[in-house]
Every structure is written in C-alpha cells, then in structure tokens.
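Data block for final-v2.cif (mmCIF, C-alpha atoms):
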```
data_query
loop_
_atom_site.group_PDB
_atom_site.id
_atom_site.type_symbol
_atom_site.label_atom_id
_atom_site.label_comp_id
_atom_site.auth_asym_id
_atom_site.auth_seq_id
_atom_site.Cartn_x
_atom_site.Cartn_y
_atom_site.Cartn_z
ATOM 1 C CA MET A 78 311.793 158.842 288.915
ATOM 2 C CA PHE A 79 308.124 159.879 288.894
ATOM 3 C CA PHE A 80 308.982 163.002 286.921
ATOM 4 C CA PHE A 81 310.830 160.969 284.270
ATOM 5 C CA LEU A 82 307.962 158.483 284.082
ATOM 6 C CA GLY A 83 305.455 161.314 283.645
ATOM 7 C CA VAL A 84 307.476 162.937 280.874
ATOM 8 C CA VAL A 85 307.873 159.625 279.024
ATOM 9 C CA LEU A 86 304.141 158.971 279.287
ATOM 10 C CA LEU A 87 303.259 162.443 278.033
ATOM 11 C CA LEU A 88 305.842 162.745 275.255
ATOM 12 C CA VAL A 89 306.096 159.185 273.946
ATOM 13 C CA VAL A 90 303.251 156.905 274.986
ATOM 14 C CA THR A 91 300.340 159.341 274.705
ATOM 15 C CA PRO A 92 301.126 160.481 271.119
ATOM 16 C CA ALA A 93 301.652 156.873 270.015
ATOM 17 C CA PHE A 94 298.271 155.829 271.361
ATOM 18 C CA GLY A 95 296.742 159.058 270.073
ATOM 19 C CA LEU A 96 297.771 158.276 266.502
ATOM 20 C CA GLY A 97 296.027 154.933 266.775
ATOM 21 C CA ALA A 98 292.831 156.689 267.865
ATOM 22 C CA VAL A 99 292.580 158.892 264.755
ATOM 23 C CA ARG A 100 289.474 158.014 262.719
ATOM 24 C CA TYR A 101 288.267 159.073 259.277
ATOM 25 C CA GLU A 102 284.537 159.595 258.807
ATOM 26 C CA PHE A 103 282.739 159.515 255.447
ATOM 27 C CA SER A 104 279.080 160.544 255.201
ATOM 28 C CA TYR A 105 276.569 161.809 252.658
ATOM 29 C CA ALA A 106 275.622 165.498 252.821
ATOM 30 C CA GLY A 107 273.079 165.624 249.969
ATOM 31 C CA THR A 108 272.826 167.059 246.480
ATOM 32 C CA VAL A 109 274.160 170.488 245.579
ATOM 33 C CA GLU A 110 273.745 172.835 242.633
ATOM 34 C CA ASP A 111 277.278 174.208 242.769
ATOM 35 C CA PRO A 112 280.024 171.767 243.815
ATOM 36 C CA THR A 113 282.814 174.366 243.869
ATOM 37 C CA ASP A 114 282.846 174.341 247.699
ATOM 38 C CA ALA A 115 284.169 170.780 247.591
ATOM 39 C CA ARG A 116 287.897 170.229 247.684
ATOM 40 C CA TRP A 117 287.616 167.293 245.264
ATOM 41 C CA MET A 118 285.195 166.834 242.337
ATOM 42 C CA PHE A 119 284.894 163.589 240.376
ATOM 43 C CA ASP A 120 282.576 161.642 238.180
ATOM 44 C CA TYR A 121 281.018 158.651 239.900
ATOM 45 C CA GLU A 122 282.136 156.370 237.065
ATOM 46 C CA ASP A 123 285.813 157.147 237.828
ATOM 47 C CA LEU A 124 285.562 155.446 241.226
ATOM 48 C CA THR A 125 286.643 151.881 241.912
ATOM 49 C CA ALA A 126 284.012 149.211 242.488
ATOM 50 C CA GLU A 127 284.713 149.261 246.247
ATOM 51 C CA ASP A 128 284.394 153.047 246.386
ATOM 52 C CA LYS A 129 281.143 152.922 244.410
ATOM 53 C CA GLU A 130 279.707 150.512 246.961
ATOM 54 C CA VAL A 131 280.696 152.779 249.870
ATOM 55 C CA VAL A 132 279.222 155.806 248.064
ATOM 56 C CA GLN A 133 275.940 154.010 247.372
ATOM 57 C CA ARG A 134 275.618 152.880 250.975
ATOM 58 C CA ALA A 135 276.463 156.391 252.206
ATOM 59 C CA MET A 136 273.759 157.834 249.943
ATOM 60 C CA GLU A 137 271.342 155.435 251.621
ATOM 61 C CA GLY A 138 272.234 156.970 254.992
ATOM 62 C CA GLU A 139 275.052 154.804 256.285
ATOM 63 C CA ARG A 140 277.963 156.565 258.003
ATOM 64 C CA PHE A 141 281.424 155.066 257.568
ATOM 65 C CA VAL A 142 284.382 155.309 259.921
ATOM 66 C CA PHE A 143 287.768 154.169 258.637
ATOM 67 C CA GLN A 144 291.115 153.756 260.376
ATOM 68 C CA SER A 145 293.032 155.234 257.427
ATOM 69 C CA ASP A 146 292.345 158.053 254.999
ATOM 70 C CA GLY A 147 293.424 155.770 252.165
ATOM 71 C CA LEU A 148 290.287 153.685 252.690
ATOM 72 C CA TRP A 149 287.634 156.332 252.062
ATOM 73 C CA PRO A 150 286.455 157.082 248.506
ATOM 74 C CA GLY A 151 288.421 159.611 246.492
ATOM 75 C CA PRO A 152 291.905 161.014 246.993
ATOM 76 C CA GLY A 153 293.240 163.194 249.768
ATOM 77 C CA ARG A 154 291.249 164.876 252.481
ATOM 78 C CA GLY A 155 288.385 167.337 252.477
ATOM 79 C CA ASP A 156 284.859 167.306 251.106
ATOM 80 C CA LEU A 157 284.128 165.298 247.985
ATOM 81 C CA ALA A 158 281.603 166.091 245.250
ATOM 82 C CA LEU A 159 280.600 163.317 242.846
ATOM 83 C CA ARG A 160 278.635 163.717 239.641
ATOM 84 C CA HIS A 161 276.147 160.841 239.482
ATOM 85 C CA GLN A 162 273.073 160.627 237.231
ATOM 86 C CA ASN A 163 273.454 164.290 236.181
ATOM 87 C CA GLU A 164 273.456 165.539 239.785
ATOM 88 C CA TRP A 165 276.239 166.610 242.104
ATOM 89 C CA HIS A 166 276.317 164.727 245.396
ATOM 90 C CA MET A 167 278.331 166.111 248.299
ATOM 91 C CA PHE A 168 280.111 163.908 250.832
ATOM 92 C CA ASP A 169 281.670 165.057 254.090
ATOM 93 C CA ARG A 170 285.019 163.589 255.037
ATOM 94 C CA ARG A 171 286.252 164.495 258.481
ATOM 95 C CA ILE A 172 289.093 163.420 260.715
ATOM 96 C CA TYR A 173 288.569 163.085 264.467
ATOM 97 C CA PHE A 174 290.031 161.590 267.627
ATOM 98 C CA GLY A 175 288.099 158.446 268.582
ATOM 99 C CA ALA A 176 288.109 158.818 272.363
ATOM 100 C CA LYS A 177 285.935 155.717 272.839
ATOM 101 C CA THR A 178 288.284 153.442 270.879
ATOM 102 C CA LEU A 179 290.813 151.249 272.669
ATOM 103 C CA PHE A 180 293.655 153.544 271.554
ATOM 104 C CA GLY A 181 291.675 156.634 272.573
ATOM 105 C CA ILE A 182 291.077 155.315 276.062
ATOM 106 C CA ALA A 183 294.733 154.302 276.370
ATOM 107 C CA SER A 184 295.840 157.752 275.200
ATOM 108 C CA ILE A 185 293.630 159.515 277.744
ATOM 109 C CA ALA A 186 294.726 157.135 280.520
ATOM 110 C CA SER A 187 298.423 157.644 279.740
ATOM 111 C CA THR A 188 297.909 161.419 279.735
ATOM 112 C CA LEU A 189 296.283 161.281 283.171
ATOM 113 C CA ALA A 190 298.982 158.923 284.466
ATOM 114 C CA GLY A 191 301.692 161.221 283.105
ATOM 115 C CA PHE A 192 300.241 164.284 284.811
ATOM 116 C CA ALA A 193 299.698 162.320 288.019
ATOM 117 C CA SER A 194 303.337 161.161 287.974
ATOM 118 C CA ILE A 195 304.617 164.710 287.505
ATOM 119 C CA VAL A 196 302.329 166.053 290.249
ATOM 120 C CA GLU A 197 303.494 163.269 292.589
ATOM 121 C CA SER A 198 307.115 164.081 291.762
ATOM 122 C CA VAL A 199 306.580 167.772 292.577
ATOM 123 C CA ARG A 200 304.646 166.882 295.735
ATOM 124 C CA ARG A 201 307.507 164.672 296.958
ATOM 125 C CA LYS A 202 310.102 167.303 296.077
ATOM 126 C CA ILE A 203 308.222 170.032 297.972
ATOM 127 C CA GLY A 204 307.500 167.736 300.907
ATOM 128 C CA ALA A 205 311.094 166.535 301.147
#
```
Write out the structure in this file as structure tokens.
Amino acid sequence: MFFFLGVVLLLVVTPAFGLGAVRYEFSYAGTVEDPTDARWMFDYEDLTAEDKEVVQRAMEGERFVFQSDGLWPGPGRGDLALRHQNEWHMFDRRIYFGAKTLFGIASIASTLAGFASIVESVRRKIGA
C-alpha cells in the first residue's frame, strides 16, 4: 500500500502541483544597438494598451511575474525587443518553478511524501 501511495504521489500529484507552480517573469534588460539576439522584435505601437502599461512599468524597473505566458507582452516565449522612440529596448522573459508559491510547496511536499512512502514500503518488505 505504501508503495502504491508513493507512486501515485510521485507520478500524479507532484506533476499536477508542479504545473501550478510554473511562473512567467517579464523584466527590462535595457537598450541595445542590435536586437537580432531577441526571439521577437516589435514596434511599441503594435502592443495593446495593457501591454504598453506593463512595458512602461518594466522600463521603470518593475519586475512582473505572471501565472500564464499569455499574460506577458508580446507573443510566444523568449526575449522580446521593442522599438520605442527610435531605440531598441530588450526585455527578458523567463519561465521558472515558483518553489515558494502554494503550488510549489505542495509539489515539493508531495515529492518528499512519495519518496518517504516508497522507502517505508521497501523498509517493511525487507524487515518482513
């Protein structure tokens, strides 16, 4: 029973919580001369009003963390270069596991519980 519980925790519960802990960070990296290193290049005026606000606040030093990649400015994933006032501005967009979020903590706890259940199962089998 402990072995089954451990496997379920590791293969089902942990990945489900882990997906909830994925975060999407958007931050300003500064101006660049050559934006060809960016995966995406756009003109600032092509952004929506909401995206323009996020970009302006990021240029002022604010770091944004979203729960979905559809919420950060621009399409897709990867670095973003925006042409604004005749300058190219580079923005970093990175995906990470938010270990300090509720889902991150739950994912780590279920991983530990899963391993503990499997170890207990093996211990009981050997000791029996």
Residues selected by the PyMOL selection byres ((chain A and resi 163) around 12), written as an MDAnalysis selection string: chainID A and resid 108:110 120:122 159:162 164:166
Set the distance at 12 Å and use only C-alpha atoms: which residues neighbour segment 95-100 of chain A once local chain neighbours fewer than 3 positions away are removed? I'd like the list as number ranges by chain. A: 86-92, 103, 141-149, 170-188
What is the atom CA of Tyr101 of chain A to atom CA of Met118 of chain A distance in Å?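 Result for atom CA of Tyr101 of chain A versus atom CA of Met118 of chain A: 18.9 Å, one decimal.
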Carefully work through the PyMOL selection byres ((chain A and resi 82) around 10) for this structure and note down the residues it includes, as a list in words.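 Selection result, ordered by chain and number: Met78, Phe79, Phe80, Phe81, Gly83, Val84, Val85, Leu86, Leu87, Ala190, Gly191, Phe192, Ala193, Ser194, Ile195 and Ser198 of chain A.
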Hits of the PyMOL selection byres ((chain A and resi 132-137) around 9) in this structure, as a list in words: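 Matching residues under the PyMOL selection byres ((chain A and resi 132-137) around 9) are Phe103, Ser104, Tyr105, Ala106, Gly107, Tyr121, Glu127, Asp128, Lys129, Glu130, Val131, Gly138, Glu139, Arg140, Phe141, Pro150, His166 and Phe168 of chain A.
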Could you tell me how far atom CA of Asp169 of chain A sits from atom CA of Gly155 of chain A, in Å to one decimal place?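 If I compute the distance from atom CA of Gly155 of chain A to atom CA of Asp169 of chain A, I get 7.3 Å.
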Show me, as lines of an AutoDock Vina configuration file, the centre and edge lengths in Å to one decimal of the axis-aligned box that covers every listed atom of segment 159-165 of chain A with 8 Å on each side.
```
center_x = 276.8
center_y = 163.6
center_z = 239.5
size_x = 23.5
size_y = 22.0
size_z = 22.7
```
d(atom CA of Arg116 of chain A, atom CA of Leu157 of chain A) in Å: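 The value is 6.2 Å.
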Given only C-alpha atoms as the basis, pick out the residue of A:Asp114, A:Glu102, A:Glu197, A:Ala93 nearest to Met167 of chain A.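 Of A:Asp114, A:Glu102, A:Glu197, A:Ala93, the one nearest Met167 of chain A, counting only C-alpha atoms, is A:Asp114.
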